[in-house]
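Structure first, then comments.
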2 protein chains.
Amino acid sequence: MTVTAPIAVLCGGVGAARFLRGLRDALPSDAAGSVHAIVNVADDLVLHGLHISPDLDTVTYTLADRIDPTRGWGLADESWQAMSMLETLGGDAWFRLGDQDLGTHLYRTQRLADGASLSQVTDEIARALGLAMRIVPITDDKIRTTITTTDDEVLSFQEYFVGRQHAVESTVVAFEGAESTSPAPGVLDVLADAHTIVIAPSNPVVSIGPLLAVPGIRAALEARRDRCVAISPLVGGAALKGPADRLMREQGYESNAVGVAELYAPIAAALVIDHADAGDAERIRALGVEPIVTDTVMADPDRARSLALTTLAACP
Amino acid sequence: MTVTAPIAVLCGGVGAARFLRGLRDALPSDAAGSVHAIVNVADDLVLHGLHISPDLDTVTYTLADRIDPTRGWGLADESWQAMSMLETLGGDAWFRLGDQDLGTHLYRTQRLADGASLSQVTDEIARALGLAMRIVPITDDKIRTTITTTDDEVLSFQEYFVGRQHAVESTVVAFEGAESTSPAPGVLDVLADAHTIVIAPSNPVVSIGPLLAVPGIRAALEARRDRCVAISPLVGGAALKGPADRLMREQGYESNAVGVAELYAPIAAALVIDHADAGDAERIRALGVEPIVTDTVMADPDRARSLALTTLAACP
């Protein structure tokens, strides 16, 4: 397999991270450097004074083979001494930060305070952890997802996702500040030059949505529609993890592969769907999107690798 | 022993913390609440986005019986996972922050960001750790010690103390921002009402100096000179720990008990000195300061308790 032009992968957190690991395993080792993971940062938060980038860290830790395999977030062999002290003091400990993980947030926060951009810091962390792939935040600017509940409460993403365990009904999903952001350096070039653009199996509303809200990104993707393949994060109408199904329904889409195809039809020529959703193939094709049926559940590294190969094959 | 009016103790870090523990052990348990430790915050720093108050923490952890007995700073049974990750990432790890200790800094930073004052946060931490004594920062405002070296380099206190291990020659010691600070709520009242004011055996230049630089404090102390007893941090002309001797010399004082007496003569009627310095007693008396000779080396809790009793007896 020869990779000349870049591969761009639009990413949220866990699903994207697993896909990227599969892609890394699928490619010849000297090709990993041509993969650019373009990652959501609208879930970022400043907590206890620290700048936390959950999706960037999930992707980076996973590719460093240091992600905790049970929790699916944070580092393996983690300890929780800082949280324990924070709880002793009566502090807010709902957002769990492991001790090693804190080292990453300390590093990022200090470097940002020094004047480095988020994309510089992200690159420094990725290289320090030995990653060959390029990890790039969608933007160096501030963009924040807010979710309005049916009680008219406006929650930050982490209040919704972790604090409420995404068990509340929502009306509006907004990406605050999006209109003032620019794509991070290099992102538009990568999208313009990419041999293949992959939309990872991430939450279409709150993980991929913020990427599309950054001015210039949607147009860049529309211009490369024929080189873009998406992977449905829904299997049999349900999200494997997280609130993708619920949020799609609340945003007026079918919460299944057809809804995903409808969302992505302007920017993706093909959609990888699971065998469980093969029955939706005709409806997806009717939307002008080519359905590719395979096993999308990345239960182990081999299946993730296989999914990556099938996905790349959609844009030969 | 009956304690009715407050006891105020002007404090730096380690020496003050040991004295306070001795005082706690010397007083009846229901009297500890009348002790107000008024603590230096000019060594505070913001590092990795976190607000760190080294002297407040040393005092608080010591009185909570959680200070690490070997290092003399930070918490006992500490782990260093965050620092290890920070080092892996190539971050600045010269200022060691243990994992449990980080919990304190996370708490303080979040509460300050919430709008709480440093004195409120300090009180919350002290109460959460079960302290009966009141721990009060000298000010809620920003004051920062800087030390100019003979090479005209201006160092923050922690760069000087930890980074250079106080092994450089200094010319100017300044307390930046001091003129814009006010004493924290209650501090002037405590000084006005105190039965006894103790100047703990802390560095006169960089621990007690910043307290005296806060507008209003020096005058408040001068007005209560007859109720104020200081403890010399120098024994036989040397500091037990840290650069007190060197800094006093560099600031033009004798680096011995006489130099301490000269510095404190306007605000203290008595000076507790070590047996090793008994020969300086007459020169100290000549400065208008009553020398009290005892064992000032707090090698164990019993000797700290005994020093506290001797100190209180100086202002019966």
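All residue names refer to the structure tokens as shown: chains lettered A, B, ... in order, residues numbered from 1 in each chain, ligands numbered from 1 in order.
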
Item to complete: Dump as a PyMOL selection string the residues of chain A that approach chain B to within 7 Å, counting only C-alpha atoms.
Response: chain A and resi 47-50+81-83+85-86+88-89+91+99-104+106-107+109-110+125+128

Next, the residues of the selection above should be written as a short mmCIF file (atom, residue, chain, number, x, y, z; two decimals), in the first residue's frame with C-alpha atoms.
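Full text of selection39.cif as output:
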data_model
loop_
_atom_site.label_atom_id
_atom_site.label_comp_id
_atom_site.auth_asym_id
_atom_site.auth_seq_id
_atom_site.Cartn_x
_atom_site.Cartn_y
_atom_site.Cartn_z
CA LEU A 47 -11.46 23.57 35.57
CA HIS A 48 -9.47 24.34 38.72
CA GLY A 49 -7.49 26.73 36.52
CA LEU A 50 -6.39 23.96 34.15
CA GLN A 81 -4.52 11.15 44.97
CA ALA A 82 -5.23 14.71 43.83
CA MET A 83 -8.97 13.98 43.51
CA MET A 85 -7.46 15.56 48.47
CA LEU A 86 -9.84 17.73 46.49
CA THR A 88 -11.30 16.03 51.46
CA LEU A 89 -11.33 19.80 50.99
CA GLY A 91 -13.99 20.68 46.20
CA ASP A 99 -2.74 12.11 38.78
CA GLN A 100 -0.78 11.29 35.61
CA ASP A 101 -3.48 12.94 33.52
CA LEU A 102 -3.06 16.09 35.62
CA GLY A 103 0.54 16.21 34.41
CA THR A 104 -0.80 16.67 30.86
CA LEU A 106 -0.38 21.18 33.91
CA TYR A 107 1.81 21.04 30.82
CA THR A 109 -1.96 25.13 30.79
CA GLN A 110 1.58 26.36 31.37
CA ILE A 125 2.43 16.32 23.71
CA ALA A 128 6.69 13.52 23.57
#

Practice prompt. Just the helix (DSSP H, G or I) stuff from range 16-148 of chain A, please, per backbone DSSP, written as JSON, numbers by chain.
Written response: {"A": [16, 17, 18, 19, 20, 21, 22, 23, 24, 25, 26, 29, 30, 31, 32, 33, 34, 54, 55, 56, 57, 58, 59, 60, 61, 62, 63, 81, 82, 83, 84, 85, 86, 87, 88, 99, 100, 101, 102, 103, 104, 105, 106, 107, 108, 109, 110, 111, 112, 113, 118, 119, 120, 121, 122, 123, 124, 125, 126, 127, 128]}

Discussion item. Which of range 97-158 of chain B end up as strand (DSSP E) when DSSP is run on this backbone - answer as a PyMOL selection string?
Written reply: chain B and resi 134-137+144-149+154-156

Include N, CA and C atoms and write out the residues we just selected as a short mmCIF file (atom, residue, chain, number, x, y, z; two decimals), in the first residue's frame.
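The resulting file, selection24.cif, is shown below:
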data_model
loop_
_atom_site.label_atom_id
_atom_site.label_comp_id
_atom_site.auth_asym_id
_atom_site.auth_seq_id
_atom_site.Cartn_x
_atom_site.Cartn_y
_atom_site.Cartn_z
N ARG B 134 -6.69 29.57 63.67
CA ARG B 134 -7.09 30.35 62.51
C ARG B 134 -5.86 30.64 61.67
N ILE B 135 -5.90 30.31 60.40
CA ILE B 135 -4.78 30.58 59.49
C ILE B 135 -5.23 31.71 58.57
N VAL B 136 -4.49 32.80 58.55
CA VAL B 136 -4.89 33.99 57.81
C VAL B 136 -3.72 34.47 56.95
N PRO B 137 -3.94 34.65 55.66
CA PRO B 137 -2.88 35.28 54.86
C PRO B 137 -2.75 36.74 55.28
N ARG B 144 4.45 40.18 45.74
CA ARG B 144 5.40 39.18 45.26
C ARG B 144 6.83 39.60 45.57
N THR B 145 7.54 38.76 46.27
CA THR B 145 8.95 39.00 46.55
C THR B 145 9.77 38.80 45.29
N THR B 146 10.65 39.77 45.00
CA THR B 146 11.63 39.57 43.94
C THR B 146 13.01 39.80 44.55
N ILE B 147 13.95 39.08 44.02
CA ILE B 147 15.33 39.17 44.52
C ILE B 147 16.24 39.48 43.34
N THR B 148 16.94 40.58 43.44
CA THR B 148 17.87 40.98 42.38
C THR B 148 19.25 40.43 42.73
N THR B 149 19.85 39.74 41.77
CA THR B 149 21.17 39.17 42.03
C THR B 149 22.25 40.20 41.69
N VAL B 154 16.61 39.65 37.96
CA VAL B 154 15.53 39.76 38.93
C VAL B 154 14.80 38.43 38.98
N LEU B 155 14.86 37.77 40.13
CA LEU B 155 14.26 36.45 40.29
C LEU B 155 13.00 36.55 41.13
N SER B 156 12.01 35.73 40.79
CA SER B 156 10.89 35.56 41.71
C SER B 156 11.43 34.79 42.92
#

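Of the listed residues A:Glu222, A:Asp140, A:Asp57, A:Asp152, the one whose atoms come nearest to Thr181 in chain A is A:Asp140, with distances taken using only C-alpha atoms.
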
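We find CA of Ala8 in chain A and CA of Ile197 in chain A to be spaced 4.7 Å apart.
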
Name all residues at most 9 Å from Gly236 in chain A (count only C-alpha atoms; drop same-chain ones fewer than 4 positions away) and give them as a short mmCIF file (atom, residue, chain, number, x, y, z; two decimals) with N, CA and C atoms, in the first residue's frame.
data_model
loop_
_atom_site.label_atom_id
_atom_site.label_comp_id
_atom_site.auth_asym_id
_atom_site.auth_seq_id
_atom_site.Cartn_x
_atom_site.Cartn_y
_atom_site.Cartn_z
N ASN A 256 -30.49 6.85 13.20
CA ASN A 256 -29.98 5.62 12.58
C ASN A 256 -29.05 6.01 11.43
N ALA A 257 -28.58 5.03 10.69
CA ALA A 257 -27.61 5.29 9.63
C ALA A 257 -28.18 6.23 8.56
N ASP A 274 -22.85 -0.48 9.50
CA ASP A 274 -22.69 -1.83 10.03
C ASP A 274 -23.62 -2.81 9.32
N HIS A 275 -23.26 -4.09 9.36
CA HIS A 275 -24.11 -5.13 8.82
C HIS A 275 -25.53 -5.02 9.37
N ALA A 276 -25.61 -4.62 10.65
CA ALA A 276 -26.93 -4.50 11.29
C ALA A 276 -27.82 -3.50 10.58
N ASP A 277 -27.20 -2.59 9.82
CA ASP A 277 -27.96 -1.54 9.16
C ASP A 277 -28.03 -1.72 7.64
#

Worksheet item: Using only C-alpha atoms, which residues sit within 12 Å of Val187 in chain B once same-chain residues fewer than 5 positions away are excluded, as a VMD selection string?
Response: chain B and resid 6 to 10 35 to 39 119 134 to 140 182 192 to 194 197 211 214 to 217 220 to 221

Can you spit out the residues from that selection as a PDB file, in the first residue's frame, using C-alpha atoms?
ATOM      1  CA  PRO B   6      -6.087  36.373  70.837  1.00  0.00           C
ATOM      2  CA  ILE B   7      -2.504  35.361  70.256  1.00  0.00           C
ATOM      3  CA  ALA B   8      -1.195  36.585  66.897  1.00  0.00           C
ATOM      4  CA  VAL B   9       1.747  34.809  65.308  1.00  0.00           C
ATOM      5  CA  LEU B  10       3.487  36.414  62.325  1.00  0.00           C
ATOM      6  CA  VAL B  35      -4.459  31.695  67.940  1.00  0.00           C
ATOM      7  CA  HIS B  36      -4.283  33.560  64.625  1.00  0.00           C
ATOM      8  CA  ALA B  37      -1.388  32.585  62.398  1.00  0.00           C
ATOM      9  CA  ILE B  38      -0.842  35.540  60.051  1.00  0.00           C
ATOM     10  CA  VAL B  39       1.100  34.130  57.143  1.00  0.00           C
ATOM     11  CA  SER B 119      -8.401  34.328  53.267  1.00  0.00           C
ATOM     12  CA  ARG B 134      -7.091  30.347  62.511  1.00  0.00           C
ATOM     13  CA  ILE B 135      -4.784  30.581  59.493  1.00  0.00           C
ATOM     14  CA  VAL B 136      -4.890  33.992  57.812  1.00  0.00           C
ATOM     15  CA  PRO B 137      -2.878  35.279  54.860  1.00  0.00           C
ATOM     16  CA  ILE B 138      -1.383  38.696  55.614  1.00  0.00           C
ATOM     17  CA  THR B 139      -3.330  40.051  52.651  1.00  0.00           C
ATOM     18  CA  ASP B 140      -5.859  38.931  50.059  1.00  0.00           C
ATOM     19  CA  SER B 182      -4.381  45.914  52.380  1.00  0.00           C
ATOM     20  CA  ALA B 192      -4.845  45.535  68.053  1.00  0.00           C
ATOM     21  CA  ASP B 193      -6.541  43.129  70.455  1.00  0.00           C
ATOM     22  CA  ALA B 194      -3.875  40.459  70.853  1.00  0.00           C
ATOM     23  CA  ILE B 197       2.059  39.036  69.283  1.00  0.00           C
ATOM     24  CA  LEU B 211       4.235  41.210  56.265  1.00  0.00           C
ATOM     25  CA  VAL B 214       1.738  45.612  53.804  1.00  0.00           C
ATOM     26  CA  PRO B 215       0.473  49.132  54.544  1.00  0.00           C
ATOM     27  CA  GLY B 216      -0.782  49.458  58.103  1.00  0.00           C
ATOM     28  CA  ILE B 217       0.971  46.427  59.555  1.00  0.00           C
ATOM     29  CA  ALA B 220      -0.084  48.364  64.068  1.00  0.00           C
ATOM     30  CA  LEU B 221       2.908  46.456  65.419  1.00  0.00           C
TER      31      LEU B 221
END

Practice prompt. Might you pull out every residue within 8 Å of Leu56 in chain A, with only C-alpha atoms counted and same-chain residues fewer than 2 positions away left off, and present them as an NGL selection string?
Written response: :A and (13 or 39-41 or 53-54 or 58-60 or 122 or 135 or 137)

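Between CA of His195 in chain B and CA of Ala42 in chain B there is a distance of 26.5 Å.
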